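Q: File data_14.cif below, mmCIF, C-alpha atoms:
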```cif
data_target
loop_
_atom_site.label_atom_id
_atom_site.label_comp_id
_atom_site.auth_asym_id
_atom_site.auth_seq_id
_atom_site.Cartn_x
_atom_site.Cartn_y
_atom_site.Cartn_z
CA MET S 13 0.00 0.00 0.00
CA ASN S 14 1.13 3.54 -0.77
CA PHE S 15 0.87 4.98 2.75
CA GLU S 16 1.19 8.64 1.69
CA LEU S 17 -1.41 8.33 -1.09
CA PHE S 18 -3.81 6.56 1.31
CA ILE S 19 -3.58 9.38 3.87
CA ALA S 20 -3.95 12.02 1.13
CA LYS S 21 -7.13 10.35 -0.13
CA ARG S 22 -8.59 10.25 3.37
CA ILE S 23 -7.87 13.98 3.81
CA ILE S 24 -9.50 14.83 0.46
CA ALA S 25 -12.58 12.71 1.20
CA SER S 26 -13.07 13.86 4.80
CA LYS S 27 -16.02 16.13 5.59
CA GLU S 28 -13.84 18.20 7.93
CA HIS S 29 -11.58 19.01 4.98
CA LYS S 30 -14.52 20.27 2.92
CA SER S 31 -15.86 22.48 5.70
CA SER S 32 -12.53 23.63 7.10
CA ILE S 33 -11.06 27.12 7.16
CA SER S 34 -8.87 26.21 4.17
CA SER S 35 -11.85 25.22 2.01
CA PRO S 36 -12.46 28.67 0.40
CA ILE S 37 -8.73 29.12 -0.20
CA ILE S 38 -8.57 25.71 -1.86
CA LYS S 39 -11.56 26.57 -4.05
CA ILE S 40 -9.94 29.85 -5.08
CA ALA S 41 -6.70 28.02 -5.96
CA THR S 42 -8.61 25.42 -8.00
CA ILE S 43 -10.54 28.14 -9.83
CA ALA S 44 -7.26 29.93 -10.56
CA ILE S 45 -5.87 26.75 -12.12
CA ALA S 46 -9.07 26.25 -14.15
CA LEU S 47 -9.16 29.84 -15.43
CA GLY S 48 -5.42 29.79 -16.12
CA ILE S 49 -5.51 26.66 -18.28
CA ALA S 50 -8.69 27.87 -20.05
CA ILE S 51 -7.06 31.21 -20.91
CA MET S 52 -3.87 29.47 -22.06
CA LEU S 53 -5.84 27.09 -24.29
CA ILE S 54 -7.81 29.95 -25.82
CA ALA S 55 -4.65 32.03 -26.39
CA VAL S 56 -2.79 29.16 -28.06
CA ALA S 57 -5.80 28.13 -30.20
CA ILE S 58 -6.48 31.69 -31.40
CA ALA S 59 -2.81 32.44 -32.13
CA SER S 60 -2.44 29.17 -34.02
CA GLY S 61 -5.74 29.84 -35.80
CA PHE S 62 -4.60 33.30 -36.91
CA GLN S 63 -1.28 32.01 -38.18
CA LYS S 64 -2.82 29.07 -40.00
CA LYS S 65 -5.66 31.08 -41.54
CA ILE S 66 -3.47 33.91 -42.79
CA SER S 67 -0.83 31.47 -44.07
CA ASP S 68 -3.55 29.51 -45.90
CA LYS S 69 -4.87 32.70 -47.52
CA MET S 70 -1.39 33.78 -48.58
CA THR S 71 -0.59 30.40 -50.10
CA GLY S 72 -4.05 30.24 -51.68
CA PHE S 73 -3.19 33.33 -53.72
CA LYS S 74 0.53 32.77 -54.26
CA GLY S 75 1.38 29.13 -53.51
CA HIS S 76 3.94 28.02 -50.94
CA ILE S 77 6.90 28.46 -53.29
CA GLN S 78 7.13 30.35 -56.59
CA ILE S 79 9.56 29.50 -59.38
CA VAL S 80 10.13 32.40 -61.78
CA ASN S 81 12.75 33.80 -64.13
CA TYR S 82 16.01 34.78 -62.45
CA ASP S 83 15.78 38.56 -62.86
CA THR S 84 15.44 41.63 -60.67
CA ASN S 85 11.67 41.97 -61.07
CA ASN S 86 10.01 41.96 -57.63
CA SER S 87 6.54 42.99 -58.75
CA ASP S 88 3.47 40.80 -59.18
CA ILE S 89 3.60 41.27 -62.96
CA SER S 90 5.17 38.54 -65.12
CA THR S 91 7.54 40.49 -67.37
CA VAL S 92 9.91 37.81 -68.68
CA PRO S 93 8.33 34.47 -69.66
CA ILE S 94 9.87 31.08 -69.03
CA SER S 95 9.25 27.73 -70.68
CA LYS S 96 6.86 25.34 -68.95
CA THR S 97 8.89 22.43 -70.32
CA GLN S 98 10.88 21.63 -67.21
CA ASP S 99 12.04 18.42 -65.56
CA PHE S 100 9.99 19.21 -62.44
CA TYR S 101 6.71 19.87 -64.27
CA PRO S 102 4.04 18.60 -63.91
CA LYS S 103 5.56 16.76 -60.91
CA PHE S 104 8.74 16.91 -58.85
CA LYS S 105 10.16 13.39 -59.01
CA THR S 106 13.17 14.04 -56.78
CA ILE S 107 11.43 15.79 -53.85
CA ASP S 108 8.87 14.30 -51.49
CA GLY S 109 6.08 16.27 -49.81
CA ILE S 110 5.04 18.22 -52.93
CA LYS S 111 1.27 18.49 -53.26
CA ASN S 112 0.97 20.22 -56.64
CA VAL S 113 2.96 22.16 -59.25
CA GLN S 114 0.85 24.64 -61.23
CA ILE S 115 1.60 27.24 -63.87
CA PHE S 116 0.60 30.91 -63.72
CA ALA S 117 1.18 34.32 -65.27
CA ASN S 118 0.23 37.79 -64.02
CA ILE S 119 -0.50 40.94 -65.97
CA GLY S 120 -1.44 44.40 -64.76
CA GLY S 121 -4.51 46.18 -66.07
CA ILE S 122 -7.52 48.40 -65.48
CA ILE S 123 -11.23 47.67 -65.25
CA ARG S 124 -13.14 50.53 -66.86
CA THR S 125 -16.79 51.46 -66.46
CA PRO S 126 -18.67 54.50 -67.83
CA THR S 127 -18.18 56.29 -64.51
CA ASP S 128 -15.23 54.66 -62.78
CA PHE S 129 -12.11 52.49 -63.09
CA GLU S 130 -10.08 50.11 -60.92
CA ALA S 131 -6.46 48.91 -61.16
CA ILE S 132 -6.25 45.13 -61.13
CA VAL S 133 -3.85 42.21 -61.47
CA PHE S 134 -5.12 39.49 -63.78
CA LYS S 135 -3.77 36.10 -62.71
CA GLY S 136 -3.87 33.52 -65.48
CA VAL S 137 -3.92 29.86 -64.49
CA SER S 138 -4.55 26.54 -66.20
CA SER S 139 -6.51 23.35 -65.61
CA ASP S 140 -3.72 22.09 -63.33
CA TYR S 141 -4.50 24.83 -60.80
CA ASP S 142 -5.66 23.76 -57.33
CA PHE S 143 -8.94 25.66 -56.89
CA SER S 144 -9.73 24.27 -53.41
CA PHE S 145 -8.85 27.63 -51.85
CA PHE S 146 -11.23 29.63 -54.07
CA LYS S 147 -13.95 27.00 -53.69
CA GLU S 148 -13.88 27.66 -49.94
CA TYR S 149 -14.33 31.42 -50.39
CA LEU S 150 -16.64 31.40 -53.41
CA VAL S 151 -19.76 33.37 -52.40
CA LYS S 152 -21.56 33.39 -55.77
CA GLY S 153 -21.38 31.56 -59.07
CA ARG S 154 -18.88 28.90 -60.10
CA LEU S 155 -15.29 28.34 -61.20
CA PRO S 156 -14.14 29.10 -64.78
CA ASN S 157 -14.40 26.31 -67.33
CA PHE S 158 -10.93 25.59 -68.71
CA LYS S 159 -12.27 23.08 -71.26
CA LEU S 160 -13.55 25.91 -73.47
CA ASP S 161 -11.56 26.67 -76.62
CA ARG S 162 -11.64 30.37 -75.76
CA ASN S 163 -12.12 30.85 -72.04
CA LYS S 164 -13.14 34.42 -71.15
CA GLU S 165 -14.58 33.42 -67.77
CA ILE S 166 -13.08 34.96 -64.65
CA LEU S 167 -13.37 35.04 -60.88
CA ILE S 168 -13.61 38.49 -59.34
CA SER S 169 -13.55 39.54 -55.70
CA GLU S 170 -16.66 40.77 -53.92
CA ALA S 171 -14.77 43.95 -53.01
CA ILE S 172 -14.27 44.88 -56.67
CA ALA S 173 -17.77 43.78 -57.64
CA ASP S 174 -19.38 45.92 -54.94
CA ARG S 175 -17.26 48.95 -55.73
CA LEU S 176 -18.00 48.85 -59.47
CA ASN S 177 -21.56 47.45 -59.19
CA PHE S 178 -20.81 44.21 -61.01
CA LYS S 179 -22.85 41.04 -60.73
CA LEU S 180 -22.68 37.46 -62.01
CA ASN S 181 -22.58 36.98 -65.80
CA ASP S 182 -21.66 40.63 -66.41
CA THR S 183 -19.26 41.27 -69.27
CA ILE S 184 -16.69 43.81 -68.11
CA GLN S 185 -14.25 45.99 -70.02
CA THR S 186 -10.56 45.65 -69.17
CA LEU S 187 -7.40 47.23 -70.54
CA PHE S 188 -3.98 45.56 -70.33
CA SER S 189 -0.52 46.83 -71.13
CA ALA S 190 0.68 45.23 -74.39
CA THR S 191 4.46 45.62 -74.62
CA LYS S 192 4.90 43.60 -77.82
CA SER S 193 1.94 45.09 -79.67
CA LYS S 194 1.64 48.16 -81.87
CA LEU S 195 -1.13 49.27 -79.56
CA LYS S 196 -0.13 50.53 -76.13
CA TYR S 197 -3.09 48.77 -74.51
CA LYS S 198 -5.21 45.78 -75.42
CA MET S 199 -8.87 45.53 -74.53
CA ARG S 200 -10.51 42.35 -73.29
CA LYS S 201 -14.11 41.69 -72.26
CA PRO S 202 -14.12 38.82 -69.76
CA ILE S 203 -17.31 37.40 -68.22
CA ILE S 204 -17.81 37.16 -64.45
CA VAL S 205 -18.82 33.59 -63.58
CA GLY S 206 -17.79 33.59 -59.92
CA ILE S 207 -17.39 36.04 -57.03
CA TYR S 208 -15.10 35.26 -54.10
CA ASN S 209 -14.42 36.93 -50.76
CA THR S 210 -11.39 35.83 -48.73
CA GLY S 211 -11.41 38.86 -46.42
CA PHE S 212 -7.75 39.47 -47.33
CA ALA S 213 -8.06 43.05 -48.59
CA GLU S 214 -4.49 43.23 -49.91
CA PHE S 215 -5.34 40.71 -52.63
CA ASP S 216 -9.13 40.93 -52.81
CA LYS S 217 -9.04 44.55 -53.95
CA THR S 218 -6.91 43.78 -57.05
CA MET S 219 -6.90 40.08 -58.00
CA LEU S 220 -8.86 38.58 -60.93
CA ILE S 221 -8.49 34.89 -61.76
CA GLY S 222 -8.82 33.66 -65.32
CA ASP S 223 -7.26 31.60 -68.10
CA ILE S 224 -3.50 31.87 -68.75
CA ARG S 225 -4.18 31.56 -72.48
CA GLU S 226 -5.67 35.07 -72.45
CA ILE S 227 -2.41 36.46 -71.03
CA ARG S 228 -0.44 34.60 -73.68
CA LYS S 229 -2.56 36.27 -76.36
CA ILE S 230 -2.09 39.74 -74.84
CA ASN S 231 1.69 39.30 -74.39
CA ARG S 232 2.12 37.40 -77.68
CA TRP S 233 3.71 34.47 -75.90
CA THR S 234 3.91 30.99 -77.36
CA ALA S 235 1.85 28.09 -76.00
CA ASP S 236 4.93 26.93 -74.08
CA GLN S 237 5.60 30.24 -72.28
CA ILE S 238 4.35 31.06 -68.79
CA GLY S 239 5.07 33.54 -66.01
CA GLY S 240 6.20 30.92 -63.50
CA PHE S 241 5.29 27.94 -61.35
CA GLU S 242 3.57 27.77 -58.00
CA VAL S 243 4.47 24.83 -55.78
CA LEU S 244 2.13 23.63 -53.04
CA ILE S 245 3.60 21.49 -50.27
CA ASP S 246 1.94 19.12 -47.80
CA ASP S 247 3.39 20.57 -44.58
CA PHE S 248 3.84 24.33 -44.07
CA ASP S 249 6.33 23.65 -41.25
CA GLU S 250 8.71 22.22 -43.86
CA LEU S 251 8.54 25.36 -46.03
CA THR S 252 12.18 26.42 -45.59
CA GLN S 253 13.50 22.90 -46.14
CA LYS S 254 11.38 22.33 -49.25
CA GLY S 255 12.30 25.79 -50.54
CA ASN S 256 16.00 24.92 -50.34
CA GLU S 257 15.44 21.53 -51.98
CA ILE S 258 13.46 23.08 -54.83
CA TYR S 259 16.08 25.79 -55.37
CA SER S 260 18.73 23.06 -55.71
CA ASN S 261 16.66 21.12 -58.26
CA ILE S 262 15.80 23.85 -60.79
CA GLY S 263 17.80 25.33 -63.63
CA ALA S 264 20.42 28.04 -63.21
CA THR S 265 18.24 30.58 -65.02
CA LEU S 266 15.35 30.07 -62.61
CA ASN S 267 14.86 31.34 -59.09
CA SER S 268 12.59 30.03 -56.32
CA MET S 269 11.30 31.97 -53.33
CA THR S 270 9.04 30.87 -50.50
CA ILE S 271 5.92 32.79 -49.56
CA VAL S 272 7.69 33.91 -46.37
CA GLU S 273 10.57 35.37 -48.40
CA ASN S 274 8.17 37.15 -50.75
CA TYR S 275 6.04 38.65 -47.96
CA PRO S 276 8.30 38.88 -44.88
CA LEU S 277 6.39 41.73 -43.20
CA ILE S 278 3.11 39.78 -43.07
CA PHE S 279 4.78 36.71 -41.58
CA GLU S 280 6.75 38.82 -39.11
CA TRP S 281 3.43 40.31 -38.03
CA ILE S 282 1.81 36.94 -37.37
CA LYS S 283 4.91 35.76 -35.48
CA ILE S 284 4.18 38.46 -32.89
CA PHE S 285 1.28 36.29 -31.74
CA ASP S 286 3.79 33.71 -30.48
CA ASN S 287 5.43 36.26 -28.18
CA ASN S 288 2.05 37.28 -26.77
CA VAL S 289 1.07 33.65 -26.18
CA TRP S 290 4.28 32.83 -24.32
CA PHE S 291 3.77 35.89 -22.14
CA ILE S 292 0.18 34.83 -21.32
CA ILE S 293 1.28 31.26 -20.56
CA GLY S 294 4.04 32.47 -18.24
CA ILE S 295 1.73 34.83 -16.34
CA MET S 296 -1.06 32.24 -15.98
CA ILE S 297 1.30 29.51 -14.71
CA LEU S 298 2.85 31.95 -12.25
CA ILE S 299 -0.56 33.00 -10.91
CA ALA S 300 -1.73 29.39 -10.67
CA GLY S 301 1.50 28.39 -8.91
CA ILE S 302 1.27 31.21 -6.34
CA ASN S 303 -2.33 30.27 -5.56
CA MET S 304 -1.38 26.63 -5.13
CA ILE S 305 1.54 27.55 -2.86
CA THR S 306 -0.84 29.55 -0.69
CA ALA S 307 -3.32 26.66 -0.59
CA LEU S 308 -0.57 24.18 0.30
CA LEU S 309 0.76 26.32 3.14
CA VAL S 310 -2.75 26.72 4.55
CA LEU S 311 -3.30 22.94 4.32
CA ILE S 312 -0.06 22.26 6.18
CA LEU S 313 -0.68 24.86 8.89
CA GLU S 314 -4.22 23.59 9.36
CA ARG S 315 -2.91 20.07 10.03
CA VAL S 316 0.12 20.83 12.17
CA GLN S 317 -1.07 18.37 14.84
CA MET S 318 -1.41 15.60 12.23
CA VAL S 319 2.14 16.31 11.04
CA GLY S 320 3.42 16.11 14.61
CA ILE S 321 1.63 12.82 15.27
CA LEU S 322 2.94 11.27 12.04
CA LYS S 323 6.48 12.35 12.93
CA ALA S 324 6.07 10.92 16.44
CA LEU S 325 4.97 7.62 14.86
CA GLY S 326 8.17 7.54 12.81
CA SER S 327 7.22 9.10 9.45
CA SER S 328 10.01 10.93 7.67
CA ASN S 329 9.74 14.55 6.56
CA TRP S 330 9.70 13.52 2.89
CA SER S 331 6.94 10.98 3.53
CA ILE S 332 4.74 13.67 5.09
CA GLN S 333 5.64 16.12 2.33
CA LYS S 334 4.39 13.59 -0.22
CA ILE S 335 1.01 13.44 1.55
CA PHE S 336 0.48 17.16 1.02
CA LEU S 337 1.97 17.10 -2.47
CA TYR S 338 -0.48 14.34 -3.44
CA ASN S 339 -3.25 16.49 -2.00
CA ALA S 340 -2.10 19.54 -3.96
CA SER S 341 -1.71 17.48 -7.16
CA TYR S 342 -5.33 16.37 -6.82
CA LEU S 343 -6.40 20.03 -6.67
CA ILE S 344 -4.25 20.85 -9.71
CA LEU S 345 -5.76 17.96 -11.69
CA LYS S 346 -9.24 19.06 -10.68
CA GLY S 347 -8.50 22.59 -11.90
CA LEU S 348 -6.99 21.25 -15.14
CA PHE S 349 -10.09 19.14 -15.82
CA TRP S 350 -12.52 22.03 -15.43
CA GLY S 351 -10.20 24.46 -17.20
CA ASN S 352 -9.83 22.17 -20.22
CA LEU S 353 -13.57 21.58 -20.29
CA ILE S 354 -14.39 25.31 -20.17
CA GLY S 355 -11.66 26.27 -22.65
CA ILE S 356 -12.55 23.60 -25.23
CA MET S 357 -16.27 24.39 -24.98
CA LEU S 358 -15.64 28.10 -25.61
CA LEU S 359 -13.34 27.31 -28.54
CA LEU S 360 -15.87 24.95 -30.09
CA ILE S 361 -18.60 27.59 -29.76
CA GLN S 362 -16.41 30.12 -31.56
CA LYS S 363 -15.33 27.61 -34.22
CA TYR S 364 -18.83 26.52 -35.21
CA PHE S 365 -20.97 29.56 -34.38
CA LYS S 366 -18.51 32.44 -35.14
CA VAL S 367 -19.63 34.42 -32.08
CA ILE S 368 -16.74 36.92 -32.10
CA SER S 369 -16.21 38.82 -35.36
CA LEU S 370 -13.32 40.97 -36.55
CA ASP S 371 -12.74 43.80 -39.00
CA PRO S 372 -11.32 42.12 -42.15
CA ALA S 373 -9.67 45.39 -43.20
CA THR S 374 -7.51 45.26 -40.07
CA TYR S 375 -7.06 41.54 -39.40
CA ALA S 376 -7.64 40.01 -42.88
CA ILE S 377 -10.13 37.66 -41.21
CA ALA S 378 -13.87 38.14 -40.62
CA THR S 379 -14.14 36.08 -37.41
CA VAL S 380 -11.72 35.01 -34.69
CA PRO S 381 -10.18 31.75 -35.97
CA VAL S 382 -9.40 28.85 -33.65
CA ASP S 383 -7.16 25.85 -34.21
CA ILE S 384 -7.86 23.16 -31.58
CA SER S 385 -4.86 20.86 -31.25
CA ILE S 386 -4.93 17.76 -29.03
CA PHE S 387 -1.13 17.95 -28.87
CA ALA S 388 -1.23 21.56 -27.61
CA ILE S 389 -3.90 20.71 -25.02
CA THR S 390 -1.84 17.77 -23.74
CA ILE S 391 1.41 19.72 -23.56
CA LEU S 392 -0.22 22.68 -21.79
CA SER S 393 -1.93 20.43 -19.23
CA LEU S 394 1.17 18.32 -18.51
CA GLY S 395 3.41 21.40 -18.46
CA THR S 396 1.11 23.21 -16.01
CA LEU S 397 0.89 20.14 -13.77
CA LEU S 398 4.65 19.65 -13.74
CA LEU S 399 5.57 23.31 -13.17
CA CYS S 400 2.98 23.80 -10.42
CA PHE S 401 4.13 20.57 -8.75
CA LEU S 402 7.78 21.69 -8.84
CA MET S 403 6.79 25.09 -7.41
CA LEU S 404 5.15 23.30 -4.46
CA ILE S 405 8.17 21.24 -3.44
CA ILE S 406 10.07 24.14 -1.85
CA PRO S 407 7.21 25.50 0.33
CA SER S 408 6.45 21.92 1.44
CA TYR S 409 9.77 22.01 3.29
CA ILE S 410 7.99 23.95 6.04
CA ILE S 411 7.09 20.48 7.32
CA THR S 412 10.72 19.94 8.33
CA LYS S 413 10.41 22.89 10.74
CA ILE S 414 7.46 21.38 12.62
CA GLU S 415 8.54 19.71 15.89
CA PRO S 416 6.33 16.89 17.22
CA SER S 417 6.72 17.96 20.88
CA LYS S 418 5.28 21.41 20.15
CA SER S 419 2.75 20.54 17.47
CA ILE S 420 0.91 17.84 19.46
CA LYS S 421 1.16 19.65 22.78
CA PHE S 422 -2.24 21.28 22.37
CA ALA S 423 -3.86 18.51 20.30
#
```
Using structure tokens, write down the structure from this file.

A:
Amino acid sequence: MNFELFIAKRIIASKEHKSSISSPIIKIATIAIALGIAIMLIAVAIASGFQKKISDKMTGFKGHIQIVNYDTNNSDISTVPISKTQDFYPKFKTIDGIKNVQIFANIGGIIRTPTDFEAIVFKGVSSDYDFSFFKEYLVKGRLPNFKLDRNKEILISEAIADRLNFKLNDTIQTLFSATKSKLKYKMRKPIIVGIYNTGFAEFDKTMLIGDIREIRKINRWTADQIGGFEVLIDDFDELTQKGNEIYSNIGATLNSMTIVENYPLIFEWIKIFDNNVWFIIGIMILIAGINMITALLVLILERVQMVGILKALGSSNWSIQKIFLYNASYLILKGLFWGNLIGIMLLLIQKYFKVISLDPATYAIATVPVDISIFAITILSLGTLLLCFLMLIIPSYIITKIEPSKSIKFA
């Protein structure tokens, strides 16, 4: 029999323990643990949700890694074409973890109406394009049909459609710069077949999605020429590694850059969430630990006579310490249970009912995103239990100062 655990269980189950002076202090300590773990879970889930959602939106528009011509052009416009006949297209055979390789080309232009105009970037893609991202954010209509001989169908953002009063099936007037033509600009009249809204204003306010063959016609490119390749990978955490592998497996005239390298400021911004989360975790664990230390000291002082009697019967200081540490661990586990329950319930409510909304212009997201990870929940719970337990070992040494002759004198 585990003597210390047996005594700790009897203390926890005793009616005197539940109605003692220490009872309200114990309840406060347990509530502090519960609130602490709930707040930590919410902070981690929201930070992870923000990072994942924004990363998904960025890669939805630009892919994880872009392969383009090795020149000094840093704009979104494809100025120098490259051949799509490459060893790595349509599939990287030498690199694992590649989800898709898709061609694209961008061209700058203007949408013109009788009363207004809007600068846009027309992104041309092909039938190999992964449209799962735009399917998720498609609010009206459908995707373009790439089986047509002449595909004038486009996707347009809701932001542009609202500003210029466009609707589904409208034929719009666009002008594009034509560098290889006698005319300075070329006019095209694409048809709106789908309207999307990602909430990412930086791209929504300019991006049109259509057929790459239209860009080839405007730029007078051959059927083999494209603006570049977008590579989608299976695991975003391997982005840097896959970026290096891809760079090593493409021709000397080509360059590859990850989405993080292309948009460092956005990814630096979302990394700030990590610092905030670590600060919240540290503060919550510290508060929970201080409350548990207070509760433990009260428990020990309330049972000074019991400590004296156990010492008189031959129990060691460490044996008695373990009794109170078992008791405190039970309170920590109780707080962790209720904290996890409350935190997960609140996260599930937000995930499925979108209770808390945000300003997309500021946060690029319409509602607070949450990413519930079993791994994160487990690590937070075990980490809190371990750290609080370690914080309790030192104050439990007060037991070594209790002398049996004095503590049982007035028993």

Q: Which one of S:Phe387, S:Phe279, S:Phe241, S:Phe401 sits closest to Ala117 in chain S if you count only C-alpha atoms?

A: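 Using only C-alpha atoms, the shortest distance to Ala117 in chain S belongs to S:Phe241.
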
Q: Quick one: distance from CA of His76 in chain S to CA of Ile54 in chain S in Å, one decimal?

A: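 Separation of CA of His76 in chain S and CA of Ile54 in chain S: 27.8 Å.
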
Q: Could you state the separation of CA of Arg124 in chain S and CA of Tyr149 in chain S in Å, given to one decimal place?

A: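 So the two atoms, CA of Arg124 in chain S and CA of Tyr149 in chain S, lie 25.3 Å apart.
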
Q: When distances are computed from all atoms listed in the file, which of S:Ile66, S:Ile168, S:Ile238, S:Ile51 shows the smallest separation from Asn118 in chain S?

A: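 Ranking S:Ile66, S:Ile168, S:Ile238, S:Ile51 by distance to Asn118 in chain S, first place goes to S:Ile238.
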
Q: Give me, as a Markdown table, the closest atom pair and its distance (Å, one decimal) for every residue of range 272-388 of chain S within a cut-off of 10 Å of range 211-231 of chain S, counting all atoms listed in the file, rows sorted by chain and rising number.

A:
```
| residue | atom | partner | partner_atom | distance |
| --- | --- | --- | --- | --- |
| S:Asp371 | CA | S:Gly211 | CA | 9.0 |
| S:Pro372 | CA | S:Gly211 | CA | 5.4 |
| S:Ala373 | CA | S:Ala213 | CA | 6.1 |
| S:Thr374 | CA | S:Ala213 | CA | 8.8 |
| S:Tyr375 | CA | S:Phe212 | CA | 8.2 |
| S:Ala376 | CA | S:Phe212 | CA | 4.5 |
| S:Ile377 | CA | S:Gly211 | CA | 5.5 |
| S:Ala378 | CA | S:Gly211 | CA | 6.3 |
| S:Thr379 | CA | S:Gly211 | CA | 9.8 |
```

Q: Keeping C-alpha atoms, export the residues of the selection given above as a PDB file, in the frame of the given file.

A:
```
ATOM      1  CA  ASP S 371     -12.740  43.800 -39.000  1.00  0.00           C
ATOM      2  CA  PRO S 372     -11.320  42.120 -42.150  1.00  0.00           C
ATOM      3  CA  ALA S 373      -9.670  45.390 -43.200  1.00  0.00           C
ATOM      4  CA  THR S 374      -7.510  45.260 -40.070  1.00  0.00           C
ATOM      5  CA  TYR S 375      -7.060  41.540 -39.400  1.00  0.00           C
ATOM      6  CA  ALA S 376      -7.640  40.010 -42.880  1.00  0.00           C
ATOM      7  CA  ILE S 377     -10.130  37.660 -41.210  1.00  0.00           C
ATOM      8  CA  ALA S 378     -13.870  38.140 -40.620  1.00  0.00           C
ATOM      9  CA  THR S 379     -14.140  36.080 -37.410  1.00  0.00           C
TER      10      THR S 379
END
```

Q: Given the choices S:Thr390, S:Gln362, S:Gln185, S:Ser341, which gets closest to Pro126 in chain S if the distance is worked out from only C-alpha atoms?

A: S:Gln185

Q: So which residues are close to (-19.5, 33.1, -33.0), meaning at most 12 Å away in the file's coordinates with all atoms listed in the file counted, and can you show them as a PyMOL selection string?

A: chain S and resi 358-370+378-382

Q: Please, what distance in Å, to one decimal, runs between CA of Ser393 in chain S and CA of Trp350 in chain S?

A: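 Going from CA of Ser393 in chain S over to CA of Trp350 in chain S, I get 11.4 Å.
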
Q: For this file, the PyMOL selection byres ((chain S and resi 240) around 9) selects which residues, as number ranges by chain?

A: S: 78-81, 90, 93-96, 114-117, 237-239, 241-242

Q: Point out the residue among S:Ile297, S:Ile77, S:Ile37, S:Val316 with the least atom-to-atom distance to Gly255 in chain S, counting all atoms listed in the file.

A: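 Closest candidate: S:Ile77.
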
Q: Convert the output of the PyMOL selection byres ((chain S and resi 299) around 12) on the shown file into explicit residues, formatted as a ChimeraX atom specification.

A: /S:40-49,292-298,300-306,396,399-400,403

Q: Any chance you could build range 217-221 of chain S out to all heavy atoms and write it as a PDB file, keeping the file's coordinate frame?

A:
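Okay, result_27.pdb is ready:
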```pdb
ATOM      1  N   LYS S 217      -8.727  43.283 -53.277  1.00  0.00           N
ATOM      2  CA  LYS S 217      -9.040  44.550 -53.950  1.00  0.00           C
ATOM      3  C   LYS S 217      -8.412  44.657 -55.346  1.00  0.00           C
ATOM      4  O   LYS S 217      -8.703  45.611 -56.076  1.00  0.00           O
ATOM      5  CB  LYS S 217      -8.572  45.725 -53.091  1.00  0.00           C
ATOM      6  CG  LYS S 217      -7.071  45.806 -52.911  1.00  0.00           C
ATOM      7  CD  LYS S 217      -6.701  46.951 -51.975  1.00  0.00           C
ATOM      8  CE  LYS S 217      -5.192  47.059 -51.778  1.00  0.00           C
ATOM      9  NZ  LYS S 217      -4.830  48.146 -50.849  1.00  0.00           N
ATOM     10  N   THR S 218      -7.565  43.667 -55.737  1.00  0.00           N
ATOM     11  CA  THR S 218      -6.910  43.780 -57.050  1.00  0.00           C
ATOM     12  C   THR S 218      -6.977  42.505 -57.898  1.00  0.00           C
ATOM     13  O   THR S 218      -6.867  42.587 -59.120  1.00  0.00           O
ATOM     14  CB  THR S 218      -5.417  44.128 -56.877  1.00  0.00           C
ATOM     15  OG1 THR S 218      -4.780  43.120 -56.084  1.00  0.00           O
ATOM     16  CG2 THR S 218      -5.250  45.483 -56.212  1.00  0.00           C
ATOM     17  N   MET S 219      -7.147  41.338 -57.292  1.00  0.00           N
ATOM     18  CA  MET S 219      -6.900  40.080 -58.000  1.00  0.00           C
ATOM     19  C   MET S 219      -8.105  39.547 -58.774  1.00  0.00           C
ATOM     20  O   MET S 219      -9.194  39.378 -58.215  1.00  0.00           O
ATOM     21  CB  MET S 219      -6.423  39.031 -57.009  1.00  0.00           C
ATOM     22  CG  MET S 219      -5.851  37.776 -57.662  1.00  0.00           C
ATOM     23  SD  MET S 219      -4.250  38.060 -58.461  1.00  0.00           S
ATOM     24  CE  MET S 219      -3.195  38.226 -57.025  1.00  0.00           C
ATOM     25  N   LEU S 220      -7.909  39.295 -60.081  1.00  0.00           N
ATOM     26  CA  LEU S 220      -8.860  38.580 -60.930  1.00  0.00           C
ATOM     27  C   LEU S 220      -8.216  37.252 -61.324  1.00  0.00           C
ATOM     28  O   LEU S 220      -6.997  37.195 -61.573  1.00  0.00           O
ATOM     29  CB  LEU S 220      -9.168  39.368 -62.206  1.00  0.00           C
ATOM     30  CG  LEU S 220     -10.335  40.362 -62.174  1.00  0.00           C
ATOM     31  CD1 LEU S 220     -10.060  41.489 -61.215  1.00  0.00           C
ATOM     32  CD2 LEU S 220     -10.589  40.886 -63.583  1.00  0.00           C
ATOM     33  N   ILE S 221      -9.006  36.206 -61.393  1.00  0.00           N
ATOM     34  CA  ILE S 221      -8.490  34.890 -61.760  1.00  0.00           C
ATOM     35  C   ILE S 221      -9.133  34.451 -63.059  1.00  0.00           C
ATOM     36  O   ILE S 221     -10.361  34.442 -63.188  1.00  0.00           O
ATOM     37  CB  ILE S 221      -8.781  33.841 -60.659  1.00  0.00           C
ATOM     38  CG1 ILE S 221      -8.367  34.361 -59.283  1.00  0.00           C
ATOM     39  CG2 ILE S 221      -8.086  32.523 -60.986  1.00  0.00           C
ATOM     40  CD1 ILE S 221      -6.901  34.624 -59.118  1.00  0.00           C
TER      41      ILE S 221
END
```
